[in-house]
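*Asks:* Once you've had a glance at the structure underneath, I'll fire off some questions.
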Amino acid sequence: MNIVITGGTSGLGKELTLKFKNQGHNIIVLARSVDEKDGIKCDLSNENDIKKAFKEIGEKFDKIDLLLNNAGYGISGATELISALEARRIFDVNFFGTLFCIQNALPLMRKGGKIINISSVCAFFPLPFRTLYCASKSAVSMFTNCLNMELKNANVQVSAICPGDIKTSFTKNRVKNFETNERYGNRIKSATDNIDKNESKRMSVQYASCKVFKIINKKKLKPQYIIGKKYKFLYILYKIFPLNWFIKATNKFKGGKY
Ligand SMILES: NC(=O)c1ccc[n+]([C@@H]2O[C@H](COP(=O)([O-])OP(=O)(O)OC[C@H]3O[C@@H](n4cnc5c(N)ncnc54)[C@H](OP(=O)(O)O)[C@@H]3O)[C@@H](O)[C@H]2O)c1
């Protein structure tokens with residue numbers, strides 16, 4: 001199979017790249033820091049980079065069998081104080097990067113294939129001071145569900161995989177905004193520290209990548225998967241209880257202290 005993986009240079013994407021390589025597939029990684037023997041340098045916030053990368057792929061290979069949109073990053077801070085540039089950039093990478101990769105890959109998937117978008121449980125669980133990351137992943141998840149229907153008769157299976165917290169460089173790479181004002185006081189730092197202190201309790205990247213790998217290898221994909229037992233349980237609560245209750249409870253435990 002010809003497999004395109006975005007963000008295969010670190011964390012979840014790197015583990016999945018190794019797993020698919022071991023299965024004997026041809027892997028093309030798209031990332032900013034990729035070695036040229038392993039893929040194509042590409043900043044996913046740049047539409048031209050994406051176009052060029054897929055043009056090169058189309059010239060080398062007759063088809064793409066699997067597109068794994070994995071690249072992404074996080075951002076934290078008070079929504080009021082996040083710059084327009086930072087707000088646009090996270091959507092450029094997490095959402096538009098995914099969209100443009102799909103638009104450029106589909107002409108190379110004429111006979112069918114799979115498109116997997118790595119979303120997050122943050123697509124449905126709201127978190128304070130993580131607004132833009134949650135919104136970008138909600139956009140990815142809804143977009144995936146809609147696309148699933150559009151491509152139903154085209155033999156292209158589309159699925160969103162939503163992992164809970166995984167031990168990768170994600171926290172280190174998250175854009176952290178600690179700027180505050182009288183409205184938030186110390187809440188931004190306190191809420192951020194509260195979530196980050198649980199770093200050791202996160203799923204290992206080996207566990208998460210095994211689960212994702214198993215899903216991708218399934219013959220028939222469901223539209224959405226959640227990775228992590230705790231998050232599957234929380235998802236049931238999220239569906240049962242009113243949103244108001246869920247928001248109140250999350251804010252109590254994750255909202256930070258003034
Ligand atoms: N870790 C978690 O707790 C967690 C939970 C749920 C969902 N996720 C999602 O899982 C995916 C993988 O994250 P991870 O945990 O493996 O994080 P990571 O270790 O920080 O890896 C992120 C990957 O994305 C690539 N990337 C970031 N910005 C890019 C850009 N502008 N252009 C091209 N590539 C870019 C990076 O490659 P370069 O730096 O080489 O460009 C890197 O390979 C992300 O979509 C993330 O949102 C993570």
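Residues are referred to by chain and number: the chain letter is A, B, ... according to the order shown in the structure tokens, the number counts from 1 in that chain, and ligands are numbered separately from 1 in the order shown.
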Write out as a ChimeraX atom specification all residues of stretch 101-249 of chain A that DSSP puts in helix (DSSP H, G or I) for this structure's backbone.

*Replies:* /A:101-108,121-123,131-150,152-154,170-173,187-201,205-216,229-240,243-249

*Asks:* Let's have the selection written as a tab-separated table (two decimals), in the first residue's frame, with C-alpha atoms.

*Replies:*
chain	number	residue	atom	x	y	z
A	101	CYS	CA	-4.48	17.09	2.21
A	102	ILE	CA	-7.80	15.34	1.55
A	103	GLN	CA	-8.62	17.53	-1.46
A	104	ASN	CA	-5.19	16.81	-2.96
A	105	ALA	CA	-5.20	13.10	-2.11
A	106	LEU	CA	-8.69	12.24	-3.43
A	107	PRO	CA	-7.73	12.46	-7.13
A	108	LEU	CA	-5.13	9.77	-6.32
A	121	VAL	CA	-11.73	13.64	22.72
A	122	CYS	CA	-11.48	17.44	22.97
A	123	ALA	CA	-13.76	17.46	19.91
A	131	THR	CA	-11.07	26.78	23.36
A	132	LEU	CA	-9.26	26.98	20.04
A	133	TYR	CA	-7.76	23.50	20.20
A	134	CYS	CA	-11.15	21.98	21.14
A	135	ALA	CA	-12.87	23.98	18.38
A	136	SER	CA	-10.29	22.93	15.77
A	137	LYS	CA	-10.79	19.24	16.67
A	138	SER	CA	-14.60	19.62	16.72
A	139	ALA	CA	-14.28	21.01	13.21
A	140	VAL	CA	-12.16	18.00	12.19
A	141	SER	CA	-14.66	15.53	13.68
A	142	MET	CA	-17.79	17.09	12.14
A	143	PHE	CA	-16.03	17.51	8.80
A	144	THR	CA	-15.07	13.80	8.92
A	145	ASN	CA	-18.67	12.71	9.57
A	146	CYS	CA	-19.98	14.80	6.67
A	147	LEU	CA	-17.25	13.58	4.31
A	148	ASN	CA	-18.01	10.01	5.31
A	149	MET	CA	-21.44	10.39	3.68
A	150	GLU	CA	-20.15	12.18	0.58
A	152	LYS	CA	-19.96	6.47	0.69
A	153	ASN	CA	-20.36	5.35	-2.93
A	154	ALA	CA	-16.77	6.14	-3.90
A	170	PHE	CA	2.28	17.32	22.50
A	171	THR	CA	2.31	19.13	25.91
A	172	LYS	CA	5.83	20.46	25.33
A	173	ASN	CA	4.86	21.66	21.83
A	187	ARG	CA	-7.03	30.68	36.73
A	188	ILE	CA	-5.18	30.27	33.41
A	189	LYS	CA	-1.95	29.09	35.02
A	190	SER	CA	-3.76	27.04	37.64
A	191	ALA	CA	-5.99	25.27	35.07
A	192	THR	CA	-3.03	24.64	32.76
A	193	ASP	CA	-0.88	23.24	35.60
A	194	ASN	CA	-3.82	21.10	36.77
A	195	ILE	CA	-4.10	19.39	33.38
A	196	ASP	CA	-0.35	19.18	32.77
A	197	LYS	CA	0.42	17.66	36.20
A	198	ASN	CA	-1.38	14.49	35.08
A	199	GLU	CA	1.25	13.94	32.37
A	200	SER	CA	2.43	10.67	34.01
A	201	LYS	CA	-1.15	9.28	34.00
A	205	VAL	CA	2.19	6.24	22.90
A	206	GLN	CA	2.79	2.51	22.37
A	207	TYR	CA	-0.68	1.67	23.74
A	208	ALA	CA	-2.41	4.43	21.74
A	209	SER	CA	-0.59	3.62	18.50
A	210	CYS	CA	-1.41	-0.12	18.83
A	211	LYS	CA	-5.11	0.75	19.18
A	212	VAL	CA	-5.03	3.17	16.23
A	213	PHE	CA	-3.05	0.69	14.10
A	214	LYS	CA	-5.58	-2.07	14.79
A	215	ILE	CA	-8.47	0.22	13.84
A	216	ILE	CA	-6.88	1.36	10.58
A	229	LYS	CA	-10.93	3.35	28.54
A	230	LYS	CA	-11.43	6.37	30.81
A	231	TYR	CA	-12.51	8.50	27.83
A	232	LYS	CA	-14.94	5.87	26.55
A	233	PHE	CA	-16.60	5.91	29.99
A	234	LEU	CA	-16.65	9.74	30.06
A	235	TYR	CA	-18.24	9.71	26.61
A	236	ILE	CA	-21.13	7.61	27.97
A	237	LEU	CA	-21.62	10.16	30.80
A	238	TYR	CA	-21.40	12.97	28.27
A	239	LYS	CA	-24.23	11.38	26.26
A	240	ILE	CA	-26.40	10.65	29.32
A	243	LEU	CA	-24.47	19.46	28.78
A	244	ASN	CA	-25.03	21.98	31.56
A	245	TRP	CA	-24.10	19.32	34.16
A	246	PHE	CA	-21.06	18.24	32.20
A	247	ILE	CA	-19.80	21.81	31.77
A	248	LYS	CA	-20.31	22.58	35.49
A	249	ALA	CA	-18.46	19.43	36.56

*Asks:* Which of stretch 75-193 of chain A counts as strand (DSSP E or B) under DSSP, as a PDB file with N, CA and C atoms, in the first residue's frame please?

*Replies:*
ATOM      1  N   ILE A  75      -3.039  24.503  21.785  1.00  0.00           N
ATOM      2  CA  ILE A  75      -2.831  25.889  22.225  1.00  0.00           C
ATOM      3  C   ILE A  75      -3.657  26.092  23.498  1.00  0.00           C
ATOM      4  N   SER A  76      -3.089  26.805  24.479  1.00  0.00           N
ATOM      5  CA  SER A  76      -3.854  27.095  25.697  1.00  0.00           C
ATOM      6  C   SER A  76      -3.772  28.580  26.005  1.00  0.00           C
ATOM      7  N   GLY A 113     -10.027   3.786  -1.102  1.00  0.00           N
ATOM      8  CA  GLY A 113      -8.967   3.930  -0.108  1.00  0.00           C
ATOM      9  C   GLY A 113      -9.551   4.274   1.250  1.00  0.00           C
ATOM     10  N   LYS A 114      -8.641   4.684   2.144  1.00  0.00           N
ATOM     11  CA  LYS A 114      -9.093   5.066   3.501  1.00  0.00           C
ATOM     12  C   LYS A 114      -8.533   6.448   3.842  1.00  0.00           C
ATOM     13  N   ILE A 115      -9.366   7.235   4.500  1.00  0.00           N
ATOM     14  CA  ILE A 115      -8.907   8.527   5.036  1.00  0.00           C
ATOM     15  C   ILE A 115      -9.165   8.491   6.533  1.00  0.00           C
ATOM     16  N   ILE A 116      -8.086   8.620   7.312  1.00  0.00           N
ATOM     17  CA  ILE A 116      -8.215   8.617   8.779  1.00  0.00           C
ATOM     18  C   ILE A 116      -7.788   9.990   9.291  1.00  0.00           C
ATOM     19  N   ASN A 117      -8.667  10.621  10.020  1.00  0.00           N
ATOM     20  CA  ASN A 117      -8.316  11.907  10.620  1.00  0.00           C
ATOM     21  C   ASN A 117      -8.135  11.741  12.125  1.00  0.00           C
ATOM     22  N   ILE A 118      -6.956  12.099  12.618  1.00  0.00           N
ATOM     23  CA  ILE A 118      -6.752  12.039  14.074  1.00  0.00           C
ATOM     24  C   ILE A 118      -7.364  13.302  14.678  1.00  0.00           C
ATOM     25  N   VAL A 156     -14.340   5.053  -0.661  1.00  0.00           N
ATOM     26  CA  VAL A 156     -13.338   5.677   0.222  1.00  0.00           C
ATOM     27  C   VAL A 156     -13.946   5.709   1.626  1.00  0.00           C
ATOM     28  N   GLN A 157     -13.335   4.986   2.550  1.00  0.00           N
ATOM     29  CA  GLN A 157     -13.837   4.956   3.933  1.00  0.00           C
ATOM     30  C   GLN A 157     -13.194   6.096   4.721  1.00  0.00           C
ATOM     31  N   VAL A 158     -14.018   6.791   5.474  1.00  0.00           N
ATOM     32  CA  VAL A 158     -13.523   7.957   6.220  1.00  0.00           C
ATOM     33  C   VAL A 158     -13.829   7.778   7.705  1.00  0.00           C
ATOM     34  N   SER A 159     -12.846   8.025   8.541  1.00  0.00           N
ATOM     35  CA  SER A 159     -13.054   7.816   9.976  1.00  0.00           C
ATOM     36  C   SER A 159     -12.266   8.833  10.807  1.00  0.00           C
ATOM     37  N   ALA A 160     -12.877   9.237  11.925  1.00  0.00           N
ATOM     38  CA  ALA A 160     -12.173  10.119  12.876  1.00  0.00           C
ATOM     39  C   ALA A 160     -11.773   9.285  14.081  1.00  0.00           C
ATOM     40  N   ILE A 161     -10.505   9.345  14.448  1.00  0.00           N
ATOM     41  CA  ILE A 161     -10.052   8.651  15.657  1.00  0.00           C
ATOM     42  C   ILE A 161      -9.787   9.723  16.719  1.00  0.00           C
ATOM     43  N   CYS A 162     -10.437   9.546  17.881  1.00  0.00           N
ATOM     44  CA  CYS A 162     -10.365  10.560  18.940  1.00  0.00           C
ATOM     45  C   CYS A 162      -9.631   9.996  20.154  1.00  0.00           C
ATOM     46  N   PRO A 163      -8.338  10.238  20.259  1.00  0.00           N
ATOM     47  CA  PRO A 163      -7.634   9.740  21.447  1.00  0.00           C
ATOM     48  C   PRO A 163      -7.822  10.661  22.644  1.00  0.00           C
ATOM     49  N   ILE A 166      -2.277  11.368  25.566  1.00  0.00           N
ATOM     50  CA  ILE A 166      -1.188  10.413  25.288  1.00  0.00           C
ATOM     51  C   ILE A 166       0.139  11.065  25.682  1.00  0.00           C
ATOM     52  N   VAL A 175       1.294  25.589  22.286  1.00  0.00           N
ATOM     53  CA  VAL A 175       1.524  27.034  22.423  1.00  0.00           C
ATOM     54  C   VAL A 175       0.826  27.468  23.709  1.00  0.00           C
ATOM     55  N   LYS A 176       1.647  27.941  24.677  1.00  0.00           N
ATOM     56  CA  LYS A 176       1.069  28.251  25.997  1.00  0.00           C
ATOM     57  C   LYS A 176       0.991  29.767  26.188  1.00  0.00           C
TER      58      LYS A 176
END

*Asks:* Step by step, measure atom-to-atom distances between ligand 1 and each residue using only C-alpha atoms and all ligand atoms, keep those at most 6 Å, then write them as a VMD selection string.

*Replies:* chain A and resid 7 to 13 31 to 34 42 to 45 70 to 73 93 118 to 120 163 to 170 173

*Asks:* Could you please take those selected residues and save C-alpha atoms as an mmCIF file, in the first residue's frame?

*Replies:*
data_model
loop_
_atom_site.group_PDB
_atom_site.id
_atom_site.type_symbol
_atom_site.label_atom_id
_atom_site.label_comp_id
_atom_site.auth_asym_id
_atom_site.auth_seq_id
_atom_site.Cartn_x
_atom_site.Cartn_y
_atom_site.Cartn_z
ATOM 1 C CA GLY A 7 3.251 14.473 11.205
ATOM 2 C CA GLY A 8 5.065 11.146 11.141
ATOM 3 C CA THR A 9 8.167 12.656 12.765
ATOM 4 C CA SER A 10 7.078 12.546 16.407
ATOM 5 C CA GLY A 11 4.699 10.935 18.910
ATOM 6 C CA LEU A 12 1.705 9.028 17.596
ATOM 7 C CA GLY A 13 2.537 9.597 13.914
ATOM 8 C CA ALA A 31 6.081 17.151 8.101
ATOM 9 C CA ARG A 32 8.344 20.140 8.558
ATOM 10 C CA SER A 33 11.258 18.221 10.030
ATOM 11 C CA VAL A 34 11.117 15.019 7.988
ATOM 12 C CA CYS A 42 5.741 20.281 4.242
ATOM 13 C CA ASP A 43 4.312 22.936 6.544
ATOM 14 C CA LEU A 44 0.633 22.060 6.749
ATOM 15 C CA SER A 45 -0.300 25.673 7.421
ATOM 16 C CA ASN A 70 -2.258 12.981 12.114
ATOM 17 C CA ALA A 71 -0.261 16.239 12.328
ATOM 18 C CA GLY A 72 -1.539 18.747 14.824
ATOM 19 C CA TYR A 73 -0.714 20.795 17.882
ATOM 20 C CA VAL A 93 -2.693 23.326 10.662
ATOM 21 C CA ILE A 118 -6.752 12.039 14.074
ATOM 22 C CA SER A 119 -9.142 14.205 16.041
ATOM 23 C CA SER A 120 -9.303 14.213 19.869
ATOM 24 C CA PRO A 163 -7.634 9.740 21.447
ATOM 25 C CA GLY A 164 -7.582 10.878 25.061
ATOM 26 C CA ASP A 165 -4.317 12.175 26.569
ATOM 27 C CA ILE A 166 -1.188 10.413 25.288
ATOM 28 C CA LYS A 167 2.392 10.762 26.532
ATOM 29 C CA THR A 168 4.088 12.475 23.551
ATOM 30 C CA SER A 169 5.761 15.843 22.942
ATOM 31 C CA PHE A 170 2.282 17.322 22.505
ATOM 32 C CA ASN A 173 4.859 21.656 21.830
#

*Asks:* When you look at A:Lys21 with a cut-off of 12 Å (counting only C-alpha atoms), what residues show up, excluding the ones that are within fewer than 4 positions of it in the same chain? I need them as a ChimeraX atom specification.

*Replies:* /A:1-5,8,14-17,25-29,38,213

*Asks:* Between A:Arg183, A:Lys252, A:Lys222, A:Lys52, which has the minimum distance to A:Ile40 (counting only C-alpha atoms)?

*Replies:*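 Nearest candidate to A:Ile40 out of A:Arg183, A:Lys252, A:Lys222, A:Lys52: A:Lys52.
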
*Asks:* Expressed in Å to a single decimal, how great is the separation between atom CA of A:Asp65 and atom CA of A:Lys37?

*Replies:*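 Those two atoms sit 20.1 Å apart.
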
*Asks:* Quick one: pull the distance between atom CA of A:Gly74 and atom CA of A:Asn94, Å, one decimal.

*Replies:*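 Interatomic distance here is 9.0 Å.
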
*Asks:* Between A:Pro223, A:Glu80, A:Asp35, A:Thr6, single out the one closest to A:Leu68, counting only C-alpha atoms.

*Replies:*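 Among the listed residues, A:Thr6 lies closest to A:Leu68.
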